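Shown next: upload.cif, given as mmCIF, C-alpha atoms.
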```
data_data
loop_
_atom_site.label_atom_id
_atom_site.label_comp_id
_atom_site.auth_asym_id
_atom_site.auth_seq_id
_atom_site.Cartn_x
_atom_site.Cartn_y
_atom_site.Cartn_z
CA MET I 1 18.79 -0.06 28.32
CA MET I 2 18.17 0.62 32.01
CA LEU I 3 15.28 -1.77 31.88
CA PHE I 4 17.49 -4.55 30.58
CA GLN I 5 20.00 -3.85 33.32
CA THR I 6 17.22 -4.16 35.85
CA VAL I 7 16.21 -7.48 34.34
CA LEU I 8 19.73 -8.84 34.58
CA ALA I 9 20.50 -7.46 38.02
CA THR I 10 17.40 -8.61 39.76
CA SER I 11 16.61 -11.82 37.94
CA ALA I 12 19.17 -13.90 39.76
CA GLN I 13 18.27 -12.54 43.16
CA ASP I 14 14.54 -12.80 42.70
CA PHE I 15 14.55 -16.13 40.96
CA VAL I 16 15.26 -18.04 44.15
CA SER I 17 12.61 -16.34 46.23
CA PHE I 18 10.05 -16.29 43.48
CA SER I 19 10.42 -19.90 42.54
CA GLN I 20 9.82 -20.86 46.13
CA ASP I 21 6.30 -19.51 45.63
CA GLY I 22 5.45 -21.81 42.68
CA LEU I 23 1.78 -21.03 42.92
CA LEU I 24 2.41 -17.29 42.79
CA SER I 25 4.61 -17.60 39.73
CA LEU I 26 1.98 -19.73 38.04
CA VAL I 27 -0.70 -17.14 38.80
CA PHE I 28 1.39 -14.34 37.33
CA LYS I 29 2.27 -16.43 34.30
CA VAL I 30 -1.42 -17.11 33.66
CA LEU I 31 -2.23 -13.43 34.16
CA PHE I 32 0.40 -12.31 31.70
CA LEU I 33 -0.62 -14.91 29.13
CA LEU I 34 -4.30 -14.03 29.48
CA SER I 35 -3.48 -10.35 29.01
CA VAL I 36 -1.65 -11.05 25.79
CA LEU I 37 -4.39 -13.42 24.65
CA PHE I 38 -7.02 -10.71 25.12
CA TYR I 39 -4.75 -8.35 23.25
CA CYS I 40 -4.56 -10.84 20.37
CA ILE I 41 -8.37 -10.87 20.25
CA PHE I 42 -8.29 -7.07 20.20
CA ALA I 43 -5.81 -7.20 17.30
CA VAL I 44 -8.20 -9.44 15.35
CA ILE I 45 -11.01 -6.95 15.97
CA VAL I 46 -8.75 -4.15 14.75
CA ILE I 47 -8.17 -6.05 11.49
CA ARG I 48 -11.92 -6.44 11.03
CA GLN I 49 -12.39 -2.74 11.83
CA VAL I 50 -9.78 -1.76 9.25
CA GLN I 51 -11.48 -3.95 6.63
CA ILE I 52 -14.82 -2.25 7.26
CA MET I 53 -13.19 1.17 7.17
CA LYS I 54 -11.28 0.26 4.01
CA ASN I 55 -14.51 -0.79 2.29
CA THR I 56 -16.24 2.42 3.37
CA LEU I 57 -13.50 4.82 2.33
CA ILE I 58 -11.16 3.64 -0.41
CA THR I 59 -7.84 5.42 -0.47
CA PRO I 60 -4.47 4.61 -2.07
CA ILE I 61 -2.96 3.69 1.31
CA SER I 62 -5.83 1.55 2.62
CA PRO I 63 -4.01 -1.71 1.71
CA LEU I 64 -0.97 -0.46 3.62
CA ILE I 65 -3.04 0.23 6.71
CA LEU I 66 -4.53 -3.27 6.48
CA LEU I 67 -1.02 -4.68 6.21
CA PHE I 68 0.01 -2.82 9.37
CA SER I 69 -2.98 -4.17 11.24
CA ILE I 70 -2.06 -7.73 10.16
CA LEU I 71 1.54 -7.14 11.28
CA HIS I 72 0.12 -5.87 14.55
CA LEU I 73 -1.69 -9.20 15.04
CA VAL I 74 1.46 -11.12 14.12
CA LEU I 75 3.35 -9.11 16.73
CA ALA I 76 0.72 -9.87 19.40
CA VAL I 77 0.81 -13.60 18.60
CA GLY I 78 4.60 -13.49 18.65
CA VAL I 79 4.56 -11.90 22.09
CA PHE I 80 2.17 -14.60 23.31
CA LEU I 81 4.50 -17.34 22.09
CA LEU I 82 7.47 -15.54 23.62
CA PHE I 83 5.72 -15.39 27.00
CA LEU I 84 4.94 -19.09 26.77
CA ILE I 85 8.63 -19.77 26.42
CA ILE I 86 10.29 -17.29 28.80
CA LEU I 87 7.80 -17.20 31.66
CA MET S 1 -46.63 34.39 -37.90
CA PRO S 2 -44.63 33.38 -34.80
CA ASP S 3 -42.02 35.92 -33.82
CA ILE S 4 -39.18 33.48 -34.34
CA PHE S 5 -39.92 33.41 -38.07
CA ASP S 6 -40.24 37.19 -38.37
CA SER S 7 -37.19 38.61 -40.12
CA SER S 8 -37.68 42.02 -38.53
CA LEU S 9 -36.60 40.47 -35.24
CA ARG S 10 -33.23 39.59 -36.71
CA ASN S 11 -31.05 40.44 -33.70
CA ASP S 12 -33.19 38.57 -31.24
CA GLU S 13 -33.42 35.59 -33.57
CA GLN S 14 -29.66 35.57 -34.06
CA GLU S 15 -29.16 35.71 -30.29
CA THR S 16 -31.62 32.87 -29.80
CA LEU S 17 -29.87 30.77 -32.44
CA ASP S 18 -26.43 31.56 -31.01
CA HIS S 19 -27.66 30.71 -27.55
CA GLN S 20 -29.13 27.46 -28.80
CA ARG S 21 -25.91 26.60 -30.61
CA LYS S 22 -23.92 27.25 -27.43
CA LEU S 23 -26.28 25.10 -25.41
CA LEU S 24 -26.07 22.25 -27.90
CA ARG S 25 -22.29 22.54 -28.07
CA GLY S 26 -22.17 22.56 -24.30
CA ILE S 27 -24.42 19.54 -24.02
CA ARG S 28 -22.31 17.57 -26.52
CA THR S 29 -19.13 18.54 -24.66
CA LYS S 30 -20.60 17.53 -21.35
CA ARG S 31 -21.93 14.24 -22.65
CA TYR S 32 -18.48 13.39 -24.01
CA ALA S 33 -16.81 14.53 -20.76
CA GLY S 34 -19.33 12.53 -18.76
CA ARG S 35 -18.65 9.39 -20.77
CA ARG S 36 -14.88 9.90 -20.37
CA ALA S 37 -15.23 10.50 -16.61
CA GLN S 38 -17.36 7.39 -16.27
CA LYS S 39 -14.69 5.32 -18.01
CA VAL S 40 -11.97 6.80 -15.77
CA VAL S 41 -13.98 5.99 -12.60
CA ILE S 42 -14.61 2.42 -13.76
CA ASN S 43 -10.97 1.88 -14.74
CA GLN S 44 -9.61 3.24 -11.49
CA LEU S 45 -11.68 0.99 -9.26
CA PRO S 46 -10.16 -2.39 -8.36
CA ALA S 47 -11.93 -5.38 -9.86
CA ASN S 48 -13.49 -6.49 -6.60
CA GLU S 49 -14.89 -3.06 -5.95
CA SER S 50 -16.84 -2.96 -9.18
CA THR S 51 -20.03 -3.88 -7.34
CA MET S 52 -20.01 -0.43 -5.87
CA ILE S 53 -20.95 1.00 -9.20
CA ASN S 54 -24.70 0.92 -8.96
CA THR S 55 -25.91 0.43 -12.46
CA SER S 56 -29.46 -0.64 -11.71
CA GLU S 57 -32.03 0.82 -9.36
CA GLU S 58 -30.00 3.17 -7.24
CA ALA S 59 -28.20 4.80 -10.15
CA SER S 60 -31.38 5.10 -12.15
CA ASP S 61 -32.93 6.98 -9.23
CA LEU S 62 -30.37 9.69 -9.85
CA PRO S 63 -31.32 12.07 -12.59
CA GLN S 64 -29.04 11.93 -15.60
CA LYS S 65 -27.20 15.23 -15.43
CA HIS S 66 -25.36 17.18 -18.05
CA LYS S 67 -22.87 18.36 -15.52
CA ARG S 68 -20.16 20.93 -15.62
CA THR S 69 -16.92 20.11 -13.88
CA VAL S 70 -16.32 21.61 -10.47
CA ASP S 71 -13.64 23.94 -11.80
CA ASP S 72 -16.23 25.52 -14.11
CA TYR S 73 -18.47 26.79 -11.36
CA SER S 74 -16.37 26.81 -8.20
CA GLU S 75 -13.83 29.54 -7.58
CA VAL S 76 -12.63 27.66 -4.49
CA MET S 77 -11.82 24.49 -6.42
CA ARG S 78 -10.32 26.39 -9.33
CA ASN S 79 -7.58 27.49 -6.94
CA GLU S 80 -7.00 24.02 -5.52
CA ARG S 81 -4.66 21.45 -6.99
CA PRO S 82 -5.69 17.77 -7.01
CA SER S 83 -4.48 16.21 -3.79
CA ARG S 84 -2.17 13.21 -3.91
CA ASN S 85 -1.36 13.20 -0.20
CA PRO S 86 -3.64 10.64 1.48
CA PHE S 87 -3.03 12.17 4.92
CA GLN S 88 -4.24 15.64 4.06
CA ALA S 89 -7.00 17.03 6.22
CA PHE S 90 -8.27 19.19 3.34
CA ALA S 91 -7.90 16.96 0.29
CA ALA S 92 -9.31 18.69 -2.77
CA LYS S 93 -10.04 16.51 -5.79
CA PRO S 94 -8.36 13.55 -4.06
CA PHE S 95 -6.49 11.03 -6.15
CA ARG S 96 -7.93 7.51 -6.33
CA THR S 97 -10.30 8.07 -3.43
CA PHE S 98 -13.79 6.63 -3.40
CA PHE S 99 -16.47 5.69 -0.90
CA SER S 100 -18.79 2.75 -0.75
CA SER S 101 -22.07 4.37 -1.78
CA GLN S 102 -20.58 6.55 -4.49
CA HIS S 103 -22.50 6.60 -7.75
CA SER S 104 -20.71 6.19 -11.04
CA GLN S 105 -21.43 9.77 -12.13
CA GLU S 106 -20.62 11.26 -8.77
CA THR S 107 -17.31 13.03 -8.24
CA ILE S 108 -15.65 13.61 -4.90
CA ILE S 109 -14.77 17.27 -4.65
CA VAL S 110 -13.14 17.39 -1.26
CA VAL S 111 -12.41 14.98 1.60
CA LEU S 112 -12.13 16.64 5.00
CA ARG S 113 -10.70 15.38 8.26
CA LYS S 114 -10.05 17.00 11.60
CA HIS S 115 -7.08 19.33 11.54
CA PRO S 116 -3.85 17.49 12.47
CA LEU S 117 -3.37 19.89 15.36
CA THR S 118 -6.37 18.31 17.09
CA GLN S 119 -4.41 15.06 17.26
CA VAL S 120 -1.53 16.55 19.24
CA LYS S 121 -3.20 15.58 22.52
CA TRP S 122 -3.05 11.83 21.96
CA LEU S 123 0.41 12.11 20.38
CA VAL S 124 1.77 13.78 23.51
CA ILE S 125 0.04 11.20 25.71
CA ALA S 126 1.62 8.42 23.61
CA ILE S 127 5.09 9.94 23.94
CA VAL S 128 4.73 10.35 27.70
CA LEU S 129 3.45 6.77 28.08
CA ALA S 130 6.38 5.53 26.02
CA LEU S 131 8.81 7.19 28.43
CA VAL S 132 7.08 6.03 31.63
CA PRO S 133 9.00 2.73 32.01
CA PHE S 134 12.26 4.67 31.77
CA LEU S 135 11.21 7.54 34.00
CA PHE S 136 9.85 5.29 36.77
CA ASN S 137 12.41 2.53 36.44
CA GLY S 138 13.47 2.66 40.09
CA ILE S 139 9.99 2.51 41.51
CA SER S 140 8.50 -0.20 39.35
CA ILE S 141 5.33 -1.74 40.77
CA LEU S 142 6.59 -5.10 39.53
CA SER S 143 9.92 -4.84 41.36
CA PHE S 144 9.09 -7.84 43.57
CA LEU S 145 8.91 -10.05 40.45
CA PRO S 146 11.88 -11.64 38.74
CA GLY S 147 13.52 -9.82 35.86
CA THR S 148 11.77 -11.81 33.16
CA TYR S 149 8.37 -10.85 34.54
CA GLN S 150 9.35 -7.20 34.68
CA PHE S 151 10.52 -7.49 31.09
CA ALA S 152 7.21 -9.12 30.18
CA GLY S 153 5.38 -6.30 31.95
CA ALA S 154 7.23 -3.73 29.87
CA ILE S 155 6.36 -5.61 26.67
CA ILE S 156 2.69 -5.63 27.60
CA TRP S 157 2.91 -1.89 28.37
CA TYR S 158 4.31 -1.14 24.90
CA LEU S 159 1.82 -3.50 23.28
CA LEU S 160 -1.06 -1.59 24.86
CA LEU S 161 0.57 1.65 23.79
CA THR S 162 0.74 0.35 20.20
CA GLY S 163 -2.96 -0.48 20.35
CA PHE S 164 -3.74 3.01 21.67
CA ILE S 165 -1.74 4.66 18.86
CA MET S 166 -3.35 2.47 16.19
CA GLU S 167 -6.87 3.20 17.39
CA SER S 168 -6.24 6.93 17.62
CA PHE S 169 -4.77 7.04 14.13
CA LEU S 170 -7.57 4.95 12.58
CA THR S 171 -10.19 7.12 14.26
CA TRP S 172 -8.62 10.25 12.80
CA PHE S 173 -7.92 8.83 9.33
CA PHE S 174 -11.25 7.20 8.60
CA ASN S 175 -13.60 9.70 10.24
CA VAL S 176 -14.06 11.89 7.21
CA TYR S 177 -16.44 14.42 5.78
CA ILE S 178 -16.91 14.08 2.05
CA ILE S 179 -18.34 16.70 -0.29
CA THR S 180 -19.28 15.47 -3.73
CA ASP S 181 -20.98 17.32 -6.56
CA GLU S 182 -24.29 15.83 -5.42
CA ARG S 183 -24.12 15.13 -1.69
CA ILE S 184 -22.41 15.69 1.59
CA ILE S 185 -21.42 12.60 3.54
CA ASP S 186 -20.42 12.29 7.18
CA VAL S 187 -18.56 9.05 7.94
CA ASP S 188 -18.26 8.34 11.67
CA PHE S 189 -16.55 5.37 13.24
CA LEU S 190 -17.52 5.88 16.86
CA SER S 191 -15.91 2.75 18.27
CA LEU S 192 -14.42 -0.53 17.14
CA ILE S 193 -17.61 -1.88 15.69
CA TYR S 194 -19.98 1.09 15.38
CA ARG S 195 -20.18 2.89 12.04
CA ASN S 196 -22.50 5.74 11.15
CA ILE S 197 -22.75 7.19 7.66
CA SER S 198 -25.05 10.14 7.08
CA THR S 199 -25.69 11.70 3.70
CA ALA S 200 -27.64 14.66 2.47
CA LYS S 201 -28.18 15.96 -1.04
CA ILE S 202 -26.86 19.39 -1.88
CA ASP S 203 -30.44 20.30 -2.87
CA ASN S 204 -31.56 19.79 0.72
CA ILE S 205 -29.01 22.06 2.32
CA GLU S 206 -30.69 25.07 3.82
CA ASP S 207 -28.04 26.83 5.82
CA VAL S 208 -24.25 26.71 6.20
CA THR S 209 -22.35 28.30 9.05
CA ALA S 210 -18.61 28.36 9.73
CA THR S 211 -17.38 28.86 13.29
CA THR S 212 -13.78 29.56 14.26
CA GLY S 213 -13.26 30.17 17.96
CA GLY S 214 -10.07 30.69 19.91
CA ALA S 215 -6.55 31.84 19.18
CA VAL S 216 -5.20 28.48 18.02
CA ARG S 217 -8.08 27.93 15.64
CA GLY S 218 -7.74 31.45 14.34
CA ILE S 219 -4.00 31.16 13.74
CA PHE S 220 -4.12 27.75 12.11
CA ASP S 221 -7.43 28.39 10.31
CA PHE S 222 -9.55 25.47 11.37
CA GLY S 223 -13.03 25.38 12.82
CA THR S 224 -16.47 23.86 12.66
CA VAL S 225 -18.87 24.00 9.72
CA GLN S 226 -22.51 23.51 10.65
CA ILE S 227 -24.90 22.54 7.89
CA GLN S 228 -28.67 22.61 8.31
CA THR S 229 -30.51 20.32 5.94
CA ALA S 230 -34.00 19.25 5.07
CA ALA S 231 -32.84 15.63 5.05
CA GLU S 232 -33.54 13.02 7.70
CA LYS S 233 -30.50 14.13 9.63
CA ARG S 234 -31.23 17.81 10.20
CA GLU S 235 -27.76 18.99 11.11
CA PHE S 236 -24.32 18.04 9.93
CA GLU S 237 -21.32 19.21 11.84
CA PHE S 238 -17.88 19.15 10.25
CA GLU S 239 -15.80 19.51 13.38
CA ASP S 240 -12.37 21.13 13.42
CA VAL S 241 -11.87 21.02 9.67
CA PRO S 242 -9.23 23.16 7.96
CA HIS S 243 -10.32 26.30 6.08
CA PRO S 244 -13.94 26.38 7.25
CA ASN S 245 -14.66 29.54 5.28
CA ARG S 246 -13.47 27.86 2.11
CA VAL S 247 -15.71 24.89 2.83
CA THR S 248 -18.69 27.17 3.39
CA LYS S 249 -18.00 29.01 0.15
CA LEU S 250 -17.67 25.72 -1.73
CA ILE S 251 -20.98 24.42 -0.41
CA ASN S 252 -22.69 27.68 -1.35
CA GLU S 253 -21.24 27.39 -4.86
CA LEU S 254 -22.55 23.83 -5.08
CA ILE S 255 -26.01 24.96 -3.98
CA LEU S 256 -25.98 27.67 -6.64
CA GLU S 257 -24.88 25.18 -9.27
CA GLU S 258 -27.71 22.83 -8.32
CA GLU S 259 -30.20 25.66 -8.68
CA ARG S 260 -28.65 26.68 -11.98
CA GLU S 261 -28.96 23.12 -13.23
CA LYS S 262 -32.63 23.05 -12.37
CA ILE S 263 -33.30 26.38 -14.05
CA GLU S 264 -31.38 25.53 -17.19
CA GLY S 265 -33.08 22.17 -17.38
CA ARG S 266 -29.84 20.24 -17.32
CA VAL S 267 -31.50 17.81 -14.95
CA ASN S 268 -33.82 15.49 -16.94
#
```
As structure tokens - that is how I would like this structure written.
Amino acid sequence: MMLFQTVLATSAQDFVSFSQDGLLSLVFKVLFLLSVLFYCIFAVIVIRQVQIMKNTLITPISPLILLFSILHLVLAVGVFLLFLIIL
Amino acid sequence: MPDIFDSSLRNDEQETLDHQRKLLRGIRTKRYAGRRAQKVVINQLPANESTMINTSEEASDLPQKHKRTVDDYSEVMRNERPSRNPFQAFAAKPFRTFFSSQHSQETIIVVLRKHPLTQVKWLVIAIVLALVPFLFNGISILSFLPGTYQFAGAIIWYLLLTGFIMESFLTWFFNVYIITDERIIDVDFLSLIYRNISTAKIDNIEDVTATTGGAVRGIFDFGTVQIQTAAEKREFEFEDVPHPNRVTKLINELILEEEREKIEGRVN
């Protein structure tokens, strides 16, 4: 909650000064997007890892773990799209 | 005349006949149980996993055994209920649990993982990291950025935290030590893409040692079981597993059963 308050309180004040440095904002936007993109690649590797693990040790909850890893990738992709929109 | 036909040796002959009858009865019972167990294993596996049942060369390398069930020869397992909890660190006779190189006649006796207490460290780290954005809200390193960027920074922080938690959990859950009625298997996932599976037959086990050091390990009964083998991998180490003494006793019972099988000629 405090974080959201910070976002609201400072966004108006910082928007003017930050937008004056268009290049700086672009750099940070690219940095953030690249971070999330790398994380998406990591999420894909996690899915592959879970598949290998699931084939090595078969348990009743292995499909559930695979589902969580897929949801994890969906979340990462969703965050990437969100950053494309809001940043 | 051979002694077996001599009526003066009536008692011995009767004992021999009784013994033979028991053996034959036992063999028939085991054959039937073996066929039933095989059907259960095949039925429980999903259709796409059926290739794991090695019916050709690898299975034929295994001697066809007239096996007793683990409850027959193991006092440890006789006192253990089949485990239905997939998160148990000491899962005896686990329900619907298999591994990739498992033979059709092989039965998993126990699946071991590190004691849950050994995972407290990363759990505490995860909780602390989750609270960091709230604890250091006033002195954020991204305070010079607009609010949306600070919000994005927080999202990336929690995303990385999610990845950390997932990796820690997967490492704990899938790094297992499996004891079957024929082998011991050590499954290690050392990193994202590195997998190491070591197996050794029960026949090749030479020495088993259980080590419990420290107050916490003593109170919560977990420790390390070291197994010396004559296999390619000379030493197996089951680190921080629950009930190490029980594990040692179980392995010793399995070794005895293997020797008994050889002596009684139940291995063809």
Selection result of the PyMOL selection byres ((chain S) within 9 of (chain I)) on this file, as a tab-separated table (two decimals) with C-alpha atoms, in the coordinates of the input:
```tsv
chain	number	residue	atom	x	y	z
S	49	GLU	CA	-14.89	-3.06	-5.95
S	86	PRO	CA	-3.64	10.64	1.48
S	94	PRO	CA	-8.36	13.55	-4.06
S	95	PHE	CA	-6.49	11.03	-6.15
S	96	ARG	CA	-7.93	7.51	-6.33
S	97	THR	CA	-10.30	8.07	-3.43
S	98	PHE	CA	-13.79	6.63	-3.40
S	99	PHE	CA	-16.47	5.69	-0.90
S	100	SER	CA	-18.79	2.75	-0.75
S	101	SER	CA	-22.07	4.37	-1.78
S	133	PRO	CA	9.00	2.73	32.01
S	134	PHE	CA	12.26	4.67	31.77
S	137	ASN	CA	12.41	2.53	36.44
S	138	GLY	CA	13.47	2.66	40.09
S	143	SER	CA	9.92	-4.84	41.36
S	144	PHE	CA	9.09	-7.84	43.57
S	145	LEU	CA	8.91	-10.05	40.45
S	146	PRO	CA	11.88	-11.64	38.74
S	147	GLY	CA	13.52	-9.82	35.86
S	148	THR	CA	11.77	-11.81	33.16
S	149	TYR	CA	8.37	-10.85	34.54
S	150	GLN	CA	9.35	-7.20	34.68
S	151	PHE	CA	10.52	-7.49	31.09
S	152	ALA	CA	7.21	-9.12	30.18
S	153	GLY	CA	5.38	-6.30	31.95
S	154	ALA	CA	7.23	-3.73	29.87
S	155	ILE	CA	6.36	-5.61	26.67
S	156	ILE	CA	2.69	-5.63	27.60
S	159	LEU	CA	1.82	-3.50	23.28
S	160	LEU	CA	-1.06	-1.59	24.86
S	162	THR	CA	0.74	0.35	20.20
S	163	GLY	CA	-2.96	-0.48	20.35
S	166	MET	CA	-3.35	2.47	16.19
S	167	GLU	CA	-6.87	3.20	17.39
S	170	LEU	CA	-7.57	4.95	12.58
S	174	PHE	CA	-11.25	7.20	8.60
S	176	VAL	CA	-14.06	11.89	7.21
S	187	VAL	CA	-18.56	9.05	7.94
S	189	PHE	CA	-16.55	5.37	13.24
S	192	LEU	CA	-14.42	-0.53	17.14
S	193	ILE	CA	-17.61	-1.88	15.69
S	195	ARG	CA	-20.18	2.89	12.04
```
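Between atom CA of S:Thr224 and atom CA of S:Arg183 there is a distance of 18.5 Å.
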Distance in Å - atom CA of I:Leu34 versus atom CA of S:Val124: 29.1 Å
If we count all atoms listed in the file, what is near S:Asn252 at a cut-off of 12 Å, once residues fewer than 6 positions away on the same chain are taken out, given as an mmCIF file with C-alpha atoms, keeping the file's coordinate frame?
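Output (selection_1.cif):
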```
data_model
loop_
_atom_site.group_PDB
_atom_site.id
_atom_site.type_symbol
_atom_site.label_atom_id
_atom_site.label_comp_id
_atom_site.auth_asym_id
_atom_site.auth_seq_id
_atom_site.Cartn_x
_atom_site.Cartn_y
_atom_site.Cartn_z
ATOM 1 C CA TYR S 73 -18.470 26.790 -11.360
ATOM 2 C CA SER S 74 -16.370 26.810 -8.200
ATOM 3 C CA GLU S 75 -13.830 29.540 -7.580
ATOM 4 C CA VAL S 76 -12.630 27.660 -4.490
ATOM 5 C CA ILE S 179 -18.340 16.700 -0.290
ATOM 6 C CA ASP S 181 -20.980 17.320 -6.560
ATOM 7 C CA ILE S 202 -26.860 19.390 -1.880
ATOM 8 C CA ASP S 203 -30.440 20.300 -2.870
ATOM 9 C CA ILE S 205 -29.010 22.060 2.320
ATOM 10 C CA GLU S 206 -30.690 25.070 3.820
ATOM 11 C CA ASP S 207 -28.040 26.830 5.820
ATOM 12 C CA VAL S 208 -24.250 26.710 6.200
ATOM 13 C CA THR S 209 -22.350 28.300 9.050
ATOM 14 C CA ALA S 210 -18.610 28.360 9.730
ATOM 15 C CA ILE S 227 -24.900 22.540 7.890
ATOM 16 C CA ASN S 245 -14.660 29.540 5.280
ATOM 17 C CA ARG S 246 -13.470 27.860 2.110
ATOM 18 C CA GLU S 258 -27.710 22.830 -8.320
ATOM 19 C CA GLU S 259 -30.200 25.660 -8.680
#
```
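For the set S:Leu161, S:Leu117, S:Val111, S:Ala215, the residue with the smallest atom-to-atom gap to S:Leu131 is S:Leu161, counting only C-alpha atoms.
Going from atom CA of I:Gln51 over to atom CA of I:Leu64, you cover 11.5 Å.
Ranking S:Pro116, S:Arg217, S:Glu106, S:Pro244 by their shortest atom-to-atom distance to S:Lys201, with all atoms listed in the file included, puts S:Glu106 first.
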Picked residues, the PyMOL selection byres ((chain S and resi 223) around 8), expected as a PyMOL selection string: chain S and resi 210-213+217+221-222+224-225+239-244
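What the PyMOL selection byres ((chain S and resi 233) around 12) picks from this file is Ile184, Ile185, Asp186, Asn196, Ile197, Ser198, Thr199, Ala200, Lys201, Asn204, Ile205, Ile227, Gln228, Thr229, Ala230, Ala231, Glu232, Arg234, Glu235, Phe236 and Glu237 of chain S.
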